[in-house]
Amino acid sequence: MKERFISLRKFTDRFAEIVLVADGPVLITRGKVPLGFYLPIKVWGGQHDSDINRHMVEMVLRQSGQTPEDIGECIESFIEGKQLLYAMRGRFEPPA
C-alpha cells in the first residue's frame with residue numbers, strides 16, 4: 001500500500017484492503033485533521049528485525065502516548081480471551 005495517510009471515510013471503505021496490505025503505519029484523518037494511526041501487526045512483530053519498523057513503532061507509540069507494555073498487554077489480553085473461548089468450546093488450540 002503506497003498511501004501513508006488516508007481519510008476516515010476511505011479507511012472505513014477500504015478497511016479490509018488496508019489491514020491485509022499495509023506495510024507501515026497509516027495516518028487516519030478527518031477533514032485534514034489527524035485522528036490516529038493504524039499500525040499493522042507485521043510492523044509491530046518485525047520491530048526487532050528492522051530499523052525502519054522499529055522507528056515506525058516508536059513514532060506511533062510516541063504520537064499515541066502508549067508504551068510498548070500497553071500494546072503487549074493488549075495483545076496478551078486478546079490471546080487469553082481467544083484461549084478461553086477455545087477452552088469453552090472444548091479445544092485447547094485454535095483450529096488449523
# chains A, B, ... in the order shown; residues from 1 in each chain; ligands from 1
$ residues_around --residues "Tyr38 in chain A" --least-positions-apart "5" --cutoff "8 Å" --atoms "only C-alpha atoms" --output "VMD selection string"
chain A and resid 25 to 28
$ atom_distance --atom1 "CA of His55 in chain A" --atom2 "CA of Ile71 in chain A"
15.8 Å
$ select_by_dssp --residues "chain A" --states "helix (DSSP H, G or I)" --output "MDAnalysis selection string"
chainID A and resid 8:13 15:21 41:45 51:64 68:88
$ atom_distance --atom1 "CA of Thr29 in chain A" --atom2 "CA of Phe5 in chain A"
7.2 Å
$ closest_residue --among "A:Gly81, A:Ser7, A:Asn53, A:Gly36" --to "Gly24 in chain A" --atoms "only C-alpha atoms"
A:Asn53
$ residues_around --residues "Leu20 in chain A" --least-positions-apart "4" --cutoff "9 Å" --atoms "only C-alpha atoms" --output "JSON list (two decimals) with N, CA, C and O atoms, in the first residue's frame"
[["chain", "number", "residue", "atom", "x", "y", "z"],
["A", 15, "PHE", "N", -11.13, -0.77, 4.54],
["A", 15, "PHE", "CA", -10.56, -1.36, 5.74],
["A", 15, "PHE", "C", -9.89, -2.71, 5.49],
["A", 15, "PHE", "O", -8.75, -2.93, 5.88],
["A", 16, "ALA", "N", -10.58, -3.62, 4.84],
["A", 16, "ALA", "CA", -10.03, -4.97, 4.62],
["A", 16, "ALA", "C", -8.74, -4.90, 3.80],
["A", 16, "ALA", "O", -7.76, -5.57, 4.13],
["A", 40, "PRO", "N", 0.08, -1.83, 11.34],
["A", 40, "PRO", "CA", -0.09, -3.26, 11.04],
["A", 40, "PRO", "C", 0.71, -4.13, 12.00],
["A", 40, "PRO", "O", 1.81, -3.78, 12.41]]
$ closest_residue --among "A:Asp23, A:Gly90, A:Ile18, A:Thr67" --to "Val43 in chain A" --atoms "only C-alpha atoms"
A:Asp23
$ atom_distance --atom1 "CA of Gly65 in chain A" --atom2 "CA of Phe37 in chain A"
11.7 Å
$ closest_residue --among "A:Arg62, A:Ile79, A:Arg9, A:Glu69" --to "Lys32 in chain A" --atoms "only C-alpha atoms"
A:Arg9
$ select_by_dssp --residues "chain A" --states "strand (DSSP E or B)" --output "MDAnalysis selection string"
chainID A and resid 5:7 26:30 33:38
$ write_last_selection --atoms "N, CA, C and O atoms" --output "compact mmCIF listing (two decimals), in the first residue's frame"
# COMPACT_ATOMS: atom_id res chain seq x y z
N PHE A 5 -1.23 8.19 4.48
CA PHE A 5 -2.33 8.83 5.20
C PHE A 5 -3.60 8.59 4.42
O PHE A 5 -3.57 8.37 3.21
N ILE A 6 -4.72 8.58 5.12
CA ILE A 6 -5.99 8.24 4.48
C ILE A 6 -7.12 8.88 5.28
O ILE A 6 -7.02 9.01 6.51
N SER A 7 -8.16 9.32 4.58
CA SER A 7 -9.30 9.90 5.29
C SER A 7 -10.07 8.81 6.02
O SER A 7 -10.00 7.63 5.66
N VAL A 26 -0.32 3.96 8.97
CA VAL A 26 -1.17 4.79 8.13
C VAL A 26 -1.83 5.82 9.04
O VAL A 26 -2.46 5.46 10.04
N LEU A 27 -1.66 7.09 8.71
CA LEU A 27 -2.29 8.17 9.47
C LEU A 27 -3.73 8.31 8.99
O LEU A 27 -3.99 8.46 7.81
N ILE A 28 -4.67 8.26 9.92
CA ILE A 28 -6.09 8.38 9.59
C ILE A 28 -6.52 9.80 9.90
O ILE A 28 -6.28 10.30 11.01
N THR A 29 -7.14 10.48 8.93
CA THR A 29 -7.51 11.87 9.09
C THR A 29 -9.01 12.07 8.86
O THR A 29 -9.67 11.25 8.23
N ARG A 30 -9.51 13.19 9.36
CA ARG A 30 -10.88 13.61 9.07
C ARG A 30 -10.83 15.11 8.86
O ARG A 30 -10.45 15.85 9.76
N VAL A 33 -7.55 16.70 9.57
CA VAL A 33 -7.12 16.70 10.97
C VAL A 33 -6.76 15.27 11.35
O VAL A 33 -7.58 14.37 11.19
N PRO A 34 -5.55 15.04 11.84
CA PRO A 34 -5.17 13.68 12.23
C PRO A 34 -6.05 13.15 13.36
O PRO A 34 -6.31 13.84 14.34
N LEU A 35 -6.52 11.91 13.18
CA LEU A 35 -7.33 11.24 14.20
C LEU A 35 -6.56 10.15 14.92
O LEU A 35 -6.78 9.88 16.09
N GLY A 36 -5.70 9.45 14.18
CA GLY A 36 -4.95 8.35 14.77
C GLY A 36 -4.13 7.63 13.74
O GLY A 36 -4.08 8.03 12.57
N PHE A 37 -3.46 6.59 14.18
CA PHE A 37 -2.62 5.78 13.32
C PHE A 37 -3.15 4.35 13.29
O PHE A 37 -3.66 3.86 14.29
N TYR A 38 -2.99 3.71 12.15
CA TYR A 38 -3.18 2.27 12.07
C TYR A 38 -1.78 1.68 11.92
O TYR A 38 -1.02 2.05 11.04
$ closest_residue --among "A:Met59, A:Leu8, A:Leu85, A:Ala22" --to "Ile41 in chain A" --atoms "only C-alpha atoms"
A:Ala22
$ decode --residues "range 34-63 of chain A" --atoms "N, CA, C and O atoms" --output "mmCIF file, in the first residue's frame"
data_model
loop_
_atom_site.group_PDB
_atom_site.id
_atom_site.type_symbol
_atom_site.label_atom_id
_atom_site.label_comp_id
_atom_site.auth_asym_id
_atom_site.auth_seq_id
_atom_site.Cartn_x
_atom_site.Cartn_y
_atom_site.Cartn_z
ATOM 1 N N PRO A 34 -5.547 15.040 11.844
ATOM 2 C CA PRO A 34 -5.165 13.680 12.233
ATOM 3 C C PRO A 34 -6.046 13.149 13.356
ATOM 4 O O PRO A 34 -6.308 13.840 14.336
ATOM 5 N N LEU A 35 -6.521 11.908 13.181
ATOM 6 C CA LEU A 35 -7.333 11.245 14.204
ATOM 7 C C LEU A 35 -6.558 10.147 14.916
ATOM 8 O O LEU A 35 -6.778 9.878 16.087
ATOM 9 N N GLY A 36 -5.696 9.452 14.177
ATOM 10 C CA GLY A 36 -4.951 8.354 14.768
ATOM 11 C C GLY A 36 -4.130 7.629 13.735
ATOM 12 O O GLY A 36 -4.085 8.027 12.571
ATOM 13 N N PHE A 37 -3.463 6.590 14.175
ATOM 14 C CA PHE A 37 -2.624 5.776 13.316
ATOM 15 C C PHE A 37 -3.150 4.351 13.290
ATOM 16 O O PHE A 37 -3.657 3.855 14.292
ATOM 17 N N TYR A 38 -2.986 3.710 12.154
ATOM 18 C CA TYR A 38 -3.178 2.267 12.070
ATOM 19 C C TYR A 38 -1.784 1.675 11.923
ATOM 20 O O TYR A 38 -1.021 2.055 11.040
ATOM 21 N N LEU A 39 -1.435 0.770 12.809
ATOM 22 C CA LEU A 39 -0.121 0.134 12.790
ATOM 23 C C LEU A 39 -0.304 -1.352 12.532
ATOM 24 O O LEU A 39 -0.829 -2.072 13.385
ATOM 25 N N PRO A 40 0.079 -1.835 11.345
ATOM 26 C CA PRO A 40 -0.088 -3.256 11.035
ATOM 27 C C PRO A 40 0.713 -4.130 12.004
ATOM 28 O O PRO A 40 1.805 -3.780 12.413
ATOM 29 N N ILE A 41 0.160 -5.267 12.351
ATOM 30 C CA ILE A 41 0.806 -6.175 13.298
ATOM 31 C C ILE A 41 2.143 -6.667 12.752
ATOM 32 O O ILE A 41 3.068 -6.920 13.527
ATOM 33 N N LYS A 42 2.282 -6.761 11.421
ATOM 34 C CA LYS A 42 3.569 -7.222 10.893
ATOM 35 C C LYS A 42 4.673 -6.201 11.146
ATOM 36 O O LYS A 42 5.828 -6.564 11.283
ATOM 37 N N VAL A 43 4.316 -4.925 11.267
ATOM 38 C CA VAL A 43 5.308 -3.913 11.631
ATOM 39 C C VAL A 43 5.660 -4.063 13.108
ATOM 40 O O VAL A 43 6.820 -4.037 13.490
ATOM 41 N N TRP A 44 4.634 -4.237 13.957
ATOM 42 C CA TRP A 44 4.876 -4.439 15.390
ATOM 43 C C TRP A 44 5.751 -5.676 15.615
ATOM 44 O O TRP A 44 6.727 -5.632 16.348
ATOM 45 N N GLY A 45 5.385 -6.777 14.973
ATOM 46 C CA GLY A 45 6.128 -8.025 15.147
ATOM 47 C C GLY A 45 7.533 -7.973 14.582
ATOM 48 O O GLY A 45 8.417 -8.680 15.051
ATOM 49 N N GLY A 46 7.765 -7.131 13.587
ATOM 50 C CA GLY A 46 9.074 -7.051 12.949
ATOM 51 C C GLY A 46 9.936 -5.911 13.438
ATOM 52 O O GLY A 46 10.967 -5.618 12.849
ATOM 53 N N GLN A 47 9.533 -5.290 14.547
ATOM 54 C CA GLN A 47 10.273 -4.117 15.018
ATOM 55 C C GLN A 47 11.698 -4.436 15.458
ATOM 56 O O GLN A 47 12.550 -3.561 15.450
ATOM 57 N N HIS A 48 11.965 -5.682 15.817
ATOM 58 C CA HIS A 48 13.314 -6.049 16.238
ATOM 59 C C HIS A 48 14.152 -6.542 15.063
ATOM 60 O O HIS A 48 15.365 -6.713 15.204
ATOM 61 N N ASP A 49 13.520 -6.727 13.918
ATOM 62 C CA ASP A 49 14.218 -7.229 12.738
ATOM 63 C C ASP A 49 14.679 -6.109 11.810
ATOM 64 O O ASP A 49 15.514 -6.336 10.943
ATOM 65 N N SER A 50 14.115 -4.930 11.976
ATOM 66 C CA SER A 50 14.360 -3.868 11.015
ATOM 67 C C SER A 50 14.376 -2.509 11.713
ATOM 68 O O SER A 50 13.492 -2.216 12.517
ATOM 69 N N ASP A 51 15.374 -1.686 11.385
ATOM 70 C CA ASP A 51 15.426 -0.330 11.942
ATOM 71 C C ASP A 51 14.225 0.490 11.508
ATOM 72 O O ASP A 51 13.691 1.277 12.280
ATOM 73 N N ILE A 52 13.779 0.283 10.274
ATOM 74 C CA ILE A 52 12.623 1.033 9.772
ATOM 75 C C ILE A 52 11.387 0.687 10.589
ATOM 76 O O ILE A 52 10.655 1.586 11.023
ATOM 77 N N ASN A 53 11.143 -0.596 10.812
ATOM 78 C CA ASN A 53 9.986 -1.000 11.616
ATOM 79 C C ASN A 53 10.098 -0.474 13.045
ATOM 80 O O ASN A 53 9.113 -0.012 13.622
ATOM 81 N N ARG A 54 11.295 -0.524 13.608
ATOM 82 C CA ARG A 54 11.487 -0.028 14.972
ATOM 83 C C ARG A 54 11.161 1.460 15.048
ATOM 84 O O ARG A 54 10.456 1.905 15.958
ATOM 85 N N HIS A 55 11.626 2.227 14.077
ATOM 86 C CA HIS A 55 11.344 3.667 14.050
ATOM 87 C C HIS A 55 9.853 3.934 13.853
ATOM 88 O O HIS A 55 9.304 4.858 14.456
ATOM 89 N N MET A 56 9.201 3.143 13.011
ATOM 90 C CA MET A 56 7.760 3.317 12.807
ATOM 91 C C MET A 56 6.997 3.061 14.095
ATOM 92 O O MET A 56 6.093 3.822 14.454
ATOM 93 N N VAL A 57 7.346 1.979 14.787
ATOM 94 C CA VAL A 57 6.662 1.654 16.039
ATOM 95 C C VAL A 57 6.905 2.758 17.066
ATOM 96 O O VAL A 57 5.969 3.210 17.738
ATOM 97 N N GLU A 58 8.145 3.223 17.182
ATOM 98 C CA GLU A 58 8.451 4.292 18.133
ATOM 99 C C GLU A 58 7.655 5.547 17.823
ATOM 100 O O GLU A 58 7.141 6.202 18.737
ATOM 101 N N MET A 59 7.542 5.896 16.531
ATOM 102 C CA MET A 59 6.800 7.088 16.129
ATOM 103 C C MET A 59 5.327 6.971 16.517
ATOM 104 O O MET A 59 4.758 7.888 17.108
ATOM 105 N N VAL A 60 4.725 5.839 16.216
ATOM 106 C CA VAL A 60 3.304 5.655 16.516
ATOM 107 C C VAL A 60 3.079 5.668 18.027
ATOM 108 O O VAL A 60 2.141 6.303 18.516
ATOM 109 N N LEU A 61 3.932 4.992 18.769
ATOM 110 C CA LEU A 61 3.781 4.978 20.225
ATOM 111 C C LEU A 61 3.942 6.382 20.805
ATOM 112 O O LEU A 61 3.164 6.797 21.665
ATOM 113 N N ARG A 62 4.930 7.109 20.329
ATOM 114 C CA ARG A 62 5.169 8.469 20.814
ATOM 115 C C ARG A 62 3.959 9.357 20.546
ATOM 116 O O ARG A 62 3.492 10.092 21.420
ATOM 117 N N GLN A 63 3.415 9.271 19.338
ATOM 118 C CA GLN A 63 2.279 10.110 18.967
ATOM 119 C C GLN A 63 0.998 9.703 19.690
ATOM 120 O O GLN A 63 0.145 10.536 19.953
#
